[in-house]
$ cat coords-v3.txt   # compact mmCIF, C-alpha atoms and all ligand atoms
# COMPACT_ATOMS: atom_id res chain seq x y z
CA MET O 25 -122.60 -16.56 -65.20
CA SER O 26 -124.69 -13.96 -63.39
CA GLU O 27 -127.23 -11.74 -65.02
CA LEU O 28 -125.73 -8.69 -63.34
CA LEU O 29 -122.53 -9.01 -65.37
CA GLU O 30 -124.52 -9.01 -68.58
CA THR O 31 -126.43 -5.81 -67.77
CA ARG O 32 -125.79 -2.68 -69.78
CA ASP O 33 -124.70 -0.86 -66.62
CA VAL O 34 -121.88 -3.31 -65.91
CA GLN O 35 -120.81 -3.58 -69.56
CA ASN O 36 -120.77 0.22 -69.71
CA LEU O 37 -118.75 0.40 -66.53
CA LEU O 38 -116.14 -2.05 -67.86
CA SER O 39 -115.78 -0.22 -71.12
CA LYS O 40 -115.30 3.14 -69.37
CA VAL O 41 -112.94 1.64 -66.77
CA SER O 42 -110.66 0.28 -69.47
CA GLY O 43 -110.87 3.36 -71.68
CA LEU O 44 -112.05 1.28 -74.63
CA GLY O 45 -114.50 3.99 -75.60
CA ASN O 46 -111.88 6.73 -76.01
CA ASP O 47 -109.26 7.23 -78.71
CA LYS O 48 -106.29 7.97 -76.43
CA GLY O 49 -103.92 5.72 -74.48
CA ASP O 50 -102.62 2.29 -75.42
CA GLU O 51 -104.87 -0.25 -77.11
CA ARG O 52 -103.14 -3.35 -75.73
CA VAL O 53 -103.19 -2.02 -72.16
CA LYS O 54 -106.89 -1.22 -72.53
CA ARG O 55 -107.75 -4.71 -73.72
CA ILE O 56 -105.71 -6.37 -70.98
CA VAL O 57 -107.22 -4.15 -68.28
CA TYR O 58 -110.67 -4.93 -69.66
CA ARG O 59 -110.00 -8.66 -69.41
CA VAL O 60 -108.42 -8.56 -65.94
CA VAL O 61 -111.10 -6.33 -64.41
CA SER O 62 -113.97 -8.28 -65.96
CA ASP O 63 -112.41 -11.53 -64.71
CA LEU O 64 -112.26 -9.99 -61.23
CA PHE O 65 -115.90 -8.96 -61.50
CA LYS O 66 -116.73 -12.55 -62.46
CA THR O 67 -114.73 -13.97 -59.57
CA ILE O 68 -116.50 -11.65 -57.11
CA GLU O 69 -119.85 -12.76 -58.51
CA GLU O 70 -119.10 -16.47 -58.65
CA PHE O 71 -117.82 -16.62 -55.07
CA ASP O 72 -120.21 -13.97 -53.74
CA VAL O 73 -117.15 -12.17 -52.34
CA GLN O 74 -118.22 -9.97 -49.43
CA PRO O 75 -116.86 -6.42 -48.98
CA ASP O 76 -114.86 -7.51 -45.93
CA GLU O 77 -113.18 -10.26 -47.92
CA PHE O 78 -112.51 -7.92 -50.81
CA TRP O 79 -110.81 -5.32 -48.62
CA THR O 80 -108.82 -8.05 -46.87
CA ALA O 81 -107.43 -8.95 -50.28
CA MET O 82 -106.61 -5.30 -51.03
CA SER O 83 -104.69 -4.93 -47.74
CA TYR O 84 -102.94 -8.17 -48.58
CA LEU O 85 -101.65 -6.72 -51.85
CA THR O 86 -100.48 -3.60 -50.04
CA GLU O 87 -98.68 -5.74 -47.49
CA LEU O 88 -97.13 -7.89 -50.23
CA GLY O 89 -95.67 -4.81 -51.91
CA GLU O 90 -94.51 -3.21 -48.68
CA ALA O 91 -92.72 -6.44 -47.74
CA HIS O 92 -91.06 -6.56 -51.20
CA GLU O 93 -92.52 -10.02 -51.68
CA ILE O 94 -94.27 -9.66 -55.03
CA GLY O 95 -91.30 -11.40 -56.63
CA LEU O 96 -91.65 -14.22 -54.11
CA LEU O 97 -95.37 -14.85 -54.49
CA VAL O 98 -95.07 -14.86 -58.29
CA PRO O 99 -93.00 -18.08 -58.43
CA GLY O 100 -95.03 -19.49 -55.53
CA LEU O 101 -98.15 -19.22 -57.67
CA GLY O 102 -96.41 -20.89 -60.61
CA LEU O 103 -96.54 -17.74 -62.71
CA GLU O 104 -92.79 -17.61 -63.31
CA THR O 105 -92.75 -21.29 -64.33
CA PHE O 106 -95.69 -20.62 -66.63
CA LEU O 107 -93.65 -17.92 -68.38
CA ASP O 108 -90.84 -20.48 -68.78
CA LEU O 109 -93.21 -23.05 -70.26
CA ARG O 110 -94.45 -20.43 -72.73
CA MET O 111 -90.87 -19.53 -73.68
CA ASP O 112 -90.08 -23.25 -74.16
CA ALA O 113 -93.11 -23.62 -76.43
CA ALA O 114 -92.23 -20.50 -78.43
CA GLU O 115 -88.68 -21.80 -78.87
CA ARG O 116 -89.89 -25.21 -80.03
CA LYS O 117 -92.04 -23.46 -82.59
CA ALA O 118 -89.01 -21.46 -83.77
CA GLY O 119 -86.97 -24.66 -84.04
CA VAL O 120 -84.79 -23.94 -81.01
CA ALA O 121 -84.33 -27.43 -79.53
CA GLY O 122 -81.87 -29.04 -77.14
CA GLY O 123 -79.48 -27.05 -75.02
CA THR O 124 -79.53 -26.61 -71.26
CA PRO O 125 -83.09 -26.27 -69.94
CA ARG O 126 -84.07 -22.89 -68.59
CA THR O 127 -85.66 -22.40 -65.23
CA ILE O 128 -86.85 -19.38 -63.28
CA GLU O 129 -84.65 -16.49 -62.18
CA GLY O 130 -86.41 -15.91 -58.87
CA PRO O 131 -86.37 -12.66 -56.89
CA LEU O 132 -82.87 -12.70 -55.40
CA TYR O 133 -80.47 -11.78 -58.21
CA VAL O 134 -78.23 -8.77 -57.64
CA ALA O 135 -76.47 -7.16 -60.61
CA GLY O 136 -72.83 -6.16 -60.65
CA ALA O 137 -71.11 -9.12 -58.94
CA PRO O 138 -67.29 -9.22 -59.13
CA LEU O 139 -66.02 -10.41 -62.53
CA SER O 140 -63.03 -12.69 -63.01
CA LYS O 141 -61.50 -14.85 -65.74
CA GLY O 142 -61.81 -18.63 -65.76
CA GLU O 143 -62.27 -19.16 -62.07
CA ALA O 144 -63.49 -17.61 -58.83
CA ARG O 145 -63.99 -18.25 -55.18
CA LEU O 146 -67.51 -17.26 -54.13
CA ASP O 147 -67.12 -17.30 -50.34
CA ASP O 148 -64.65 -15.31 -48.26
CA GLY O 149 -63.66 -18.17 -45.98
CA SER O 150 -66.00 -17.21 -43.17
CA GLU O 151 -68.85 -19.55 -44.19
CA GLU O 152 -69.15 -22.72 -42.10
CA GLY O 153 -70.15 -25.38 -44.57
CA GLU O 154 -69.13 -28.16 -46.92
CA VAL O 155 -66.78 -26.91 -49.63
CA LEU O 156 -68.09 -27.32 -53.17
CA PHE O 157 -65.99 -27.22 -56.32
CA MET O 158 -68.02 -26.74 -59.47
CA ASN O 159 -66.68 -26.69 -63.00
CA GLY O 160 -67.68 -27.22 -66.57
CA GLU O 161 -67.76 -25.95 -70.09
CA VAL O 162 -69.99 -23.52 -71.96
CA ARG O 163 -70.57 -24.77 -75.49
CA ASP O 164 -73.05 -24.40 -78.30
CA VAL O 165 -75.48 -27.09 -79.48
CA ASN O 166 -72.88 -28.30 -82.00
CA GLY O 167 -70.35 -28.92 -79.24
CA LYS O 168 -68.19 -25.89 -80.00
CA PRO O 169 -66.76 -24.35 -76.79
CA VAL O 170 -67.77 -20.75 -76.16
CA ALA O 171 -64.80 -18.73 -74.94
CA GLY O 172 -65.54 -15.39 -73.28
CA ALA O 173 -69.01 -16.39 -72.07
CA ILE O 174 -70.09 -14.89 -68.76
CA VAL O 175 -71.30 -17.31 -66.10
CA ASP O 176 -73.14 -15.13 -63.57
CA VAL O 177 -73.68 -17.33 -60.50
CA TRP O 178 -75.53 -16.69 -57.24
CA HIS O 179 -76.74 -18.88 -54.41
CA ALA O 180 -77.71 -19.03 -50.75
CA ASN O 181 -75.33 -19.67 -47.87
CA PRO O 182 -75.49 -22.83 -45.72
CA LEU O 183 -78.33 -21.19 -43.74
CA GLY O 184 -80.44 -20.56 -46.86
CA GLY O 185 -79.84 -16.78 -46.92
CA TYR O 186 -78.75 -14.65 -49.89
CA SER O 187 -76.30 -11.77 -49.56
CA PHE O 188 -77.85 -8.30 -49.97
CA PHE O 189 -81.24 -9.61 -48.77
CA ASP O 190 -79.57 -11.07 -45.66
CA PRO O 191 -77.67 -8.05 -44.29
CA SER O 192 -75.47 -10.25 -42.07
CA GLN O 193 -73.52 -11.41 -45.15
CA PRO O 194 -70.67 -9.52 -46.83
CA LYS O 195 -71.42 -7.60 -50.00
CA TYR O 196 -71.69 -9.93 -53.05
CA ASN O 197 -71.09 -12.98 -50.87
CA LEU O 198 -71.71 -16.09 -53.01
CA ARG O 199 -72.24 -13.97 -56.13
CA ARG O 200 -69.70 -13.84 -58.95
CA ARG O 201 -69.37 -13.44 -62.70
CA ILE O 202 -66.85 -15.75 -64.33
CA GLU O 203 -65.67 -15.35 -67.90
CA THR O 204 -64.99 -18.68 -69.61
CA ASP O 205 -61.40 -19.31 -70.73
CA ALA O 206 -60.17 -20.06 -74.26
CA GLU O 207 -61.56 -23.61 -73.97
CA GLY O 208 -64.95 -22.33 -72.83
CA ARG O 209 -64.33 -23.52 -69.28
CA TYR O 210 -65.30 -22.06 -65.91
CA ARG O 211 -64.68 -23.24 -62.37
CA PHE O 212 -65.37 -21.99 -58.90
CA ARG O 213 -65.00 -22.84 -55.26
CA THR O 214 -67.83 -22.15 -52.84
CA VAL O 215 -69.78 -23.68 -49.95
CA LEU O 216 -72.83 -25.87 -50.51
CA PRO O 217 -76.03 -23.87 -50.16
CA ALA O 218 -79.00 -24.90 -48.07
CA GLY O 219 -82.56 -24.69 -49.33
CA TYR O 220 -84.54 -21.47 -49.03
CA ALA O 221 -87.61 -20.91 -46.88
CA CYS O 222 -90.05 -18.03 -47.36
CA PRO O 223 -89.97 -15.59 -44.42
CA PRO O 224 -92.28 -17.38 -41.96
CA ASN O 225 -94.14 -14.21 -40.95
CA GLY O 226 -94.33 -12.65 -44.39
CA PRO O 227 -97.34 -12.24 -46.66
CA THR O 228 -96.24 -14.97 -49.12
CA GLN O 229 -96.13 -17.61 -46.40
CA LYS O 230 -99.42 -16.27 -45.05
CA LEU O 231 -101.16 -17.10 -48.33
CA LEU O 232 -99.30 -20.42 -48.70
CA ASP O 233 -100.60 -21.37 -45.24
CA GLN O 234 -104.13 -20.81 -46.46
CA LEU O 235 -103.38 -23.10 -49.40
CA GLY O 236 -101.99 -25.76 -47.07
CA ARG O 237 -98.57 -25.36 -48.72
CA HIS O 238 -95.00 -24.98 -47.49
CA GLY O 239 -92.70 -22.23 -48.77
CA ARG O 240 -89.52 -24.26 -49.16
CA ARG O 241 -87.11 -24.62 -52.04
CA PRO O 242 -84.53 -27.38 -52.45
CA ALA O 243 -80.87 -26.27 -52.31
CA HIS O 244 -79.97 -24.78 -55.67
CA ILE O 245 -77.48 -22.57 -57.53
CA HIS O 246 -78.63 -19.90 -60.00
CA PHE O 247 -76.98 -18.98 -63.30
CA PHE O 248 -77.26 -16.49 -66.10
CA VAL O 249 -75.05 -17.63 -68.98
CA THR O 250 -74.48 -15.07 -71.72
CA ALA O 251 -72.14 -14.68 -74.68
CA PRO O 252 -72.17 -12.36 -77.69
CA GLY O 253 -74.22 -13.93 -80.47
CA TYR O 254 -75.93 -16.45 -78.16
CA ARG O 255 -79.34 -16.60 -76.52
CA LYS O 256 -79.20 -15.73 -72.83
CA LEU O 257 -79.74 -18.76 -70.59
CA THR O 258 -81.38 -18.35 -67.19
CA THR O 259 -81.18 -21.53 -65.17
CA GLN O 260 -80.42 -23.25 -61.87
CA ILE O 261 -78.99 -26.56 -60.76
CA ASN O 262 -80.42 -28.43 -57.81
CA ILE O 263 -78.33 -30.18 -55.20
CA ASP O 264 -79.27 -33.85 -55.47
CA GLY O 265 -80.58 -35.56 -52.34
CA ASP O 266 -82.43 -32.53 -50.94
CA GLU O 267 -85.74 -33.48 -49.35
CA TYR O 268 -87.54 -30.77 -51.37
CA LEU O 269 -85.88 -31.72 -54.68
CA HIS O 270 -89.22 -32.61 -56.26
CA ASP O 271 -91.38 -30.53 -53.92
CA ASP O 272 -90.23 -26.98 -54.70
CA PHE O 273 -92.70 -24.23 -53.72
CA ALA O 274 -91.41 -22.27 -56.76
CA PHE O 275 -91.76 -25.18 -59.24
CA ALA O 276 -88.26 -24.72 -60.70
CA THR O 277 -86.85 -28.27 -60.60
CA ARG O 278 -86.43 -29.68 -64.10
CA ASP O 279 -84.94 -32.80 -65.67
CA GLY O 280 -81.42 -32.11 -66.81
CA LEU O 281 -80.72 -29.72 -63.93
CA ILE O 282 -79.86 -32.23 -61.19
CA PRO O 283 -76.18 -33.05 -61.67
CA GLU O 284 -74.39 -35.75 -59.72
CA VAL O 285 -72.71 -34.47 -56.54
CA ARG O 286 -69.45 -36.37 -56.00
CA ARG O 287 -68.20 -36.60 -52.42
CA PHE O 288 -64.51 -36.84 -51.51
CA ALA O 289 -63.48 -37.92 -48.03
CA ASP O 290 -60.10 -39.56 -48.68
CA PRO O 291 -57.55 -37.58 -46.63
CA VAL O 292 -55.11 -37.60 -49.57
CA GLU O 293 -57.66 -36.00 -51.92
CA VAL O 294 -58.84 -33.63 -49.19
CA GLY O 295 -55.26 -32.59 -48.45
CA ALA O 296 -54.48 -32.15 -52.13
CA ARG O 297 -57.16 -29.42 -52.26
CA GLY O 298 -55.69 -27.71 -49.24
CA LEU O 299 -58.69 -28.71 -47.11
CA ASN O 300 -59.11 -30.58 -43.84
CA ALA O 301 -62.67 -31.82 -44.26
CA PRO O 302 -64.56 -33.80 -46.92
CA PHE O 303 -65.75 -31.79 -49.90
CA ALA O 304 -68.19 -32.04 -52.80
CA GLU O 305 -67.70 -31.62 -56.53
CA ILE O 306 -70.14 -30.98 -59.36
CA ALA O 307 -69.36 -31.02 -63.07
CA PHE O 308 -71.94 -29.26 -65.20
CA ASP O 309 -71.81 -27.95 -68.76
CA PHE O 310 -74.01 -25.20 -70.17
CA VAL O 311 -75.22 -25.57 -73.75
CA LEU O 312 -76.29 -22.34 -75.46
CA HIS O 313 -78.20 -21.59 -78.66
CA ARG O 314 -77.05 -19.10 -81.22
CA GLU O 315 -79.12 -15.94 -81.41
CA ARG O 316 -81.76 -16.13 -84.10
CA ALA O 317 -84.14 -13.61 -85.54
CA ASN O 318 -87.42 -15.55 -85.37
CA ALA O 319 -87.20 -16.66 -81.73
CA PRO O 320 -88.46 -14.62 -78.76
CA ASN O 321 -85.90 -12.67 -76.79
CA THR O 322 -84.71 -14.38 -73.59
CA VAL O 323 -83.22 -11.17 -72.19
CA VAL O 324 -85.87 -10.18 -69.69
CA THR O 325 -86.17 -6.60 -68.49
CA ARG O 326 -86.64 -6.87 -64.78
CA VAL O 327 -85.69 -4.51 -61.99
CA HIS O 328 -82.63 -5.82 -60.16
CA ALA O 329 -81.00 -4.64 -57.03
CA GLU O 330 -77.40 -3.50 -57.28
CA ALA O 331 -75.38 -3.58 -54.10
CA ALA O 332 -74.35 -0.06 -53.08
C1 LIG R 1 -85.19 -18.32 -54.03
O1 LIG R 1 -83.91 -18.55 -53.70
C2 LIG R 1 -85.58 -18.54 -55.27
O2 LIG R 1 -84.63 -18.95 -56.13
C3 LIG R 1 -86.90 -18.36 -55.66
C4 LIG R 1 -87.32 -18.66 -57.04
C5 LIG R 1 -87.83 -17.93 -54.76
C6 LIG R 1 -87.42 -17.69 -53.49
C7 LIG R 1 -86.12 -17.88 -53.11
FE FE R 2 -82.73 -19.01 -55.23

$ encode --input "coords-v3.txt" --output "structure tokens" --more "lines below"
Ligand code: MBD
Ligand code: FE
Amino acid sequence: MSELLETRDVQNLLSKVSGLGNDKGDERVKRIVYRVVSDLFKTIEEFDVQPDEFWTAMSYLTELGEAHEIGLLVPGLGLETFLDLRMDAAERKAGVAGGTPRTIEGPLYVAGAPLSKGEARLDDGSEEGEVLFMNGEVRDVNGKPVAGAIVDVWHANPLGGYSFFDPSQPKYNLRRRIETDAEGRYRFRTVLPAGYACPPNGPTQKLLDQLGRHGRRPAHIHFFVTAPGYRKLTTQINIDGDEYLHDDFAFATRDGLIPEVRRFADPVEVGARGLNAPFAEIAFDFVLHRERANAPNTVVTRVHAEAA
């Protein structure tokens, strides 16, 4: 590395910047700021970053925040998946094995969706798309059904847009909380989502372009599954057959999260569901772990929107 970084002036600067020389503040924050700022100094040195380039990056960060896209770039850079991999590793170390795999939450959850028992319909009938019935059981790793679990589900519409973020959709469209019945079962009716694409003129896509990358996600459905005494599960299922299934810009596709999609076109079966067009069905069970003292908390504090 460069000699400049080793000089007393720069070392002094870093220590003052991070407050390491004083006895106030927070020790952990100081050490992390020291590391991050010195790594930035190193990056500037190594790439001989010019002032123009540096200030371009600073305006980029401003733009990213103003566009509310920090939560979008984070998964795009694999940071959210990295946190998942670390949580997986910590769980393995604590002996938490098996169960439904976790995958990233993403930036589009909205708290406070309508709550119902056993079943729900997620769309209001105005969505043009293939009807999907999804059902399954919440159980623990020993196969015991979990009654009274909350399945908090959210997904995009057939155009890839999420309610709240896409103001053309009704409030809480395609967002529901379903409490499992006495047998631990849930079921819902909805419309098949399409994959998501980063806003084409936004700052996230602007950086992805410079990396030669697309900003597409395969069609997917998000879940939080919670129950008293159990570890919170954050996961998603992918819709099989999507062209981006294994080419997700957010790196969230995982083995065990690609259930079979059954298609029904027989007029008798279609009619029996009160429909007049072919529909799809997915069966998927969620397997939770009991809470345990020595494993890291999976309840993540994160700022969520709540529809007004
Ligand atoms: C999404 O729908 C999503 O789930 C993630 C992780 C990023 C952008 C859009
Ligand atoms: Fe999503």

$ closest_residue --input "coords-v3.txt" --among "O:Gly160, O:Gly153, O:Pro302, O:Pro217" --to "ligand LIG 1 (chain R)" --atoms "only C-alpha atoms and all ligand atoms"
O:Pro217

$ residues_near_ligand --input "coords-v3.txt" --ligand "ligand LIG 1 (chain R)" --cutoff "9 Å" --atoms "only C-alpha atoms and all ligand atoms" --output "ChimeraX atom specification"
/O:95-100,104,128-133,179-180,184-186,219-222,239-246,260,273-276

$ axis_aligned_box --input "coords-v3.txt" --around "region 178-190 of chain O" --padding-each-side "8 Å" --output "JSON"
{"center_x": -78.3, "center_y": -15.6, "center_z": -50.5, "size_x": 21.9, "size_y": 30.5, "size_z": 29.5}

$ atom_distance --input "coords-v3.txt" --atom1 "CA of Ala251 (chain O)" --atom2 "CA of Thr204 (chain O)"
9.6 Å

$ atom_distance --input "coords-v3.txt" --atom1 "CA of Leu232 (chain O)" --atom2 "CA of Ile94 (chain O)"
13.5 Å

$ atom_distance --input "coords-v3.txt" --atom1 "CA of Arg255 (chain O)" --atom2 "CA of Lys195 (chain O)"
29.1 Å

$ residues_around --input "coords-v3.txt" --residues "Lys141 (chain O)" --least-positions-apart "6" --cutoff "10 Å" --atoms "all atoms listed in the file" --output "list in words"
Gly172, Ala173, Ile174, Arg201, Ile202, Glu203, Thr204, Asp205, Arg209, Tyr210 and Arg211 of chain O

$ closest_residue --input "coords-v3.txt" --among "O:Leu37, O:Val134, O:Ala206, O:Leu231" --to "ligand FE 2 (chain R)" --atoms "all atoms listed in the file"
O:Val134

$ closest_residue --input "coords-v3.txt" --among "O:Thr86, O:Ser39, O:Asn300, O:Asn181" --to "ligand FE 2 (chain R)" --atoms "all atoms listed in the file"
O:Asn181

$ residues_around --input "coords-v3.txt" --residues "Ala307 (chain O)" --least-positions-apart "6" --cutoff "12 Å" --atoms "only C-alpha atoms" --output "ChimeraX atom specification"
/O:156-162,209-212,261,263,281-286

$ decode --input "coords-v3.txt" --residues "region 37-57 of chain O" --atoms "N, CA and C atoms" --output "mmCIF file, in the first residue's frame"
data_model
loop_
_atom_site.group_PDB
_atom_site.id
_atom_site.type_symbol
_atom_site.label_atom_id
_atom_site.label_comp_id
_atom_site.auth_asym_id
_atom_site.auth_seq_id
_atom_site.Cartn_x
_atom_site.Cartn_y
_atom_site.Cartn_z
ATOM 1 N N LEU O 37 -4.888 11.696 11.479
ATOM 2 C CA LEU O 37 -6.170 12.116 10.922
ATOM 3 C C LEU O 37 -7.231 11.039 11.179
ATOM 4 N N LEU O 38 -6.891 9.799 10.863
ATOM 5 C CA LEU O 38 -7.852 8.697 11.045
ATOM 6 C C LEU O 38 -8.262 8.538 12.501
ATOM 7 N N SER O 39 -7.303 8.668 13.374
ATOM 8 C CA SER O 39 -7.604 8.476 14.784
ATOM 9 C C SER O 39 -8.499 9.587 15.313
ATOM 10 N N LYS O 40 -8.253 10.832 14.836
ATOM 11 C CA LYS O 40 -9.114 11.954 15.256
ATOM 12 C C LYS O 40 -10.501 11.836 14.638
ATOM 13 N N VAL O 41 -10.539 11.483 13.332
ATOM 14 C CA VAL O 41 -11.810 11.326 12.617
ATOM 15 C C VAL O 41 -12.723 10.365 13.367
ATOM 16 N N SER O 42 -12.174 9.266 13.816
ATOM 17 C CA SER O 42 -12.997 8.213 14.426
ATOM 18 C C SER O 42 -13.137 8.384 15.930
ATOM 19 N N GLY O 43 -12.551 9.436 16.477
ATOM 20 C CA GLY O 43 -12.712 9.710 17.904
ATOM 21 C C GLY O 43 -11.994 8.711 18.799
ATOM 22 N N LEU O 44 -11.077 7.928 18.226
ATOM 23 C CA LEU O 44 -10.422 6.888 19.031
ATOM 24 C C LEU O 44 -9.567 7.471 20.153
ATOM 25 N N GLY O 45 -9.149 8.732 19.955
ATOM 26 C CA GLY O 45 -8.303 9.344 20.972
ATOM 27 C C GLY O 45 -9.073 9.930 22.156
ATOM 28 N N ASN O 46 -10.394 10.021 22.066
ATOM 29 C CA ASN O 46 -11.137 10.622 23.177
ATOM 30 C C ASN O 46 -11.813 9.546 24.021
ATOM 31 N N ASP O 47 -12.366 9.953 25.158
ATOM 32 C CA ASP O 47 -12.962 8.941 26.048
ATOM 33 C C ASP O 47 -14.488 9.048 26.086
ATOM 34 N N LYS O 48 -15.054 9.713 25.067
ATOM 35 C CA LYS O 48 -16.522 9.808 24.994
ATOM 36 C C LYS O 48 -17.041 8.914 23.848
ATOM 37 N N GLY O 49 -18.343 8.948 23.629
ATOM 38 C CA GLY O 49 -18.916 8.231 22.489
ATOM 39 C C GLY O 49 -18.977 6.733 22.683
ATOM 40 N N ASP O 50 -19.078 6.035 21.560
ATOM 41 C CA ASP O 50 -19.304 4.583 21.569
ATOM 42 C C ASP O 50 -18.110 3.873 20.932
ATOM 43 N N GLU O 51 -17.500 2.983 21.684
ATOM 44 C CA GLU O 51 -16.273 2.318 21.255
ATOM 45 C C GLU O 51 -16.450 1.517 19.953
ATOM 46 N N ARG O 52 -17.527 0.789 19.859
ATOM 47 C CA ARG O 52 -17.761 -0.042 18.667
ATOM 48 C C ARG O 52 -17.951 0.825 17.423
ATOM 49 N N VAL O 53 -18.721 1.913 17.576
ATOM 50 C CA VAL O 53 -18.926 2.820 16.444
ATOM 51 C C VAL O 53 -17.586 3.415 16.015
ATOM 52 N N LYS O 54 -16.776 3.806 16.978
ATOM 53 C CA LYS O 54 -15.462 4.377 16.665
ATOM 54 C C LYS O 54 -14.608 3.406 15.856
ATOM 55 N N ARG O 55 -14.592 2.161 16.286
ATOM 56 C CA ARG O 55 -13.729 1.175 15.610
ATOM 57 C C ARG O 55 -14.238 0.866 14.216
ATOM 58 N N ILE O 56 -15.570 0.834 14.074
ATOM 59 C CA ILE O 56 -16.126 0.572 12.738
ATOM 60 C C ILE O 56 -15.881 1.762 11.814
ATOM 61 N N VAL O 57 -16.068 2.982 12.337
ATOM 62 C CA VAL O 57 -15.815 4.169 11.510
ATOM 63 C C VAL O 57 -14.341 4.220 11.116
#
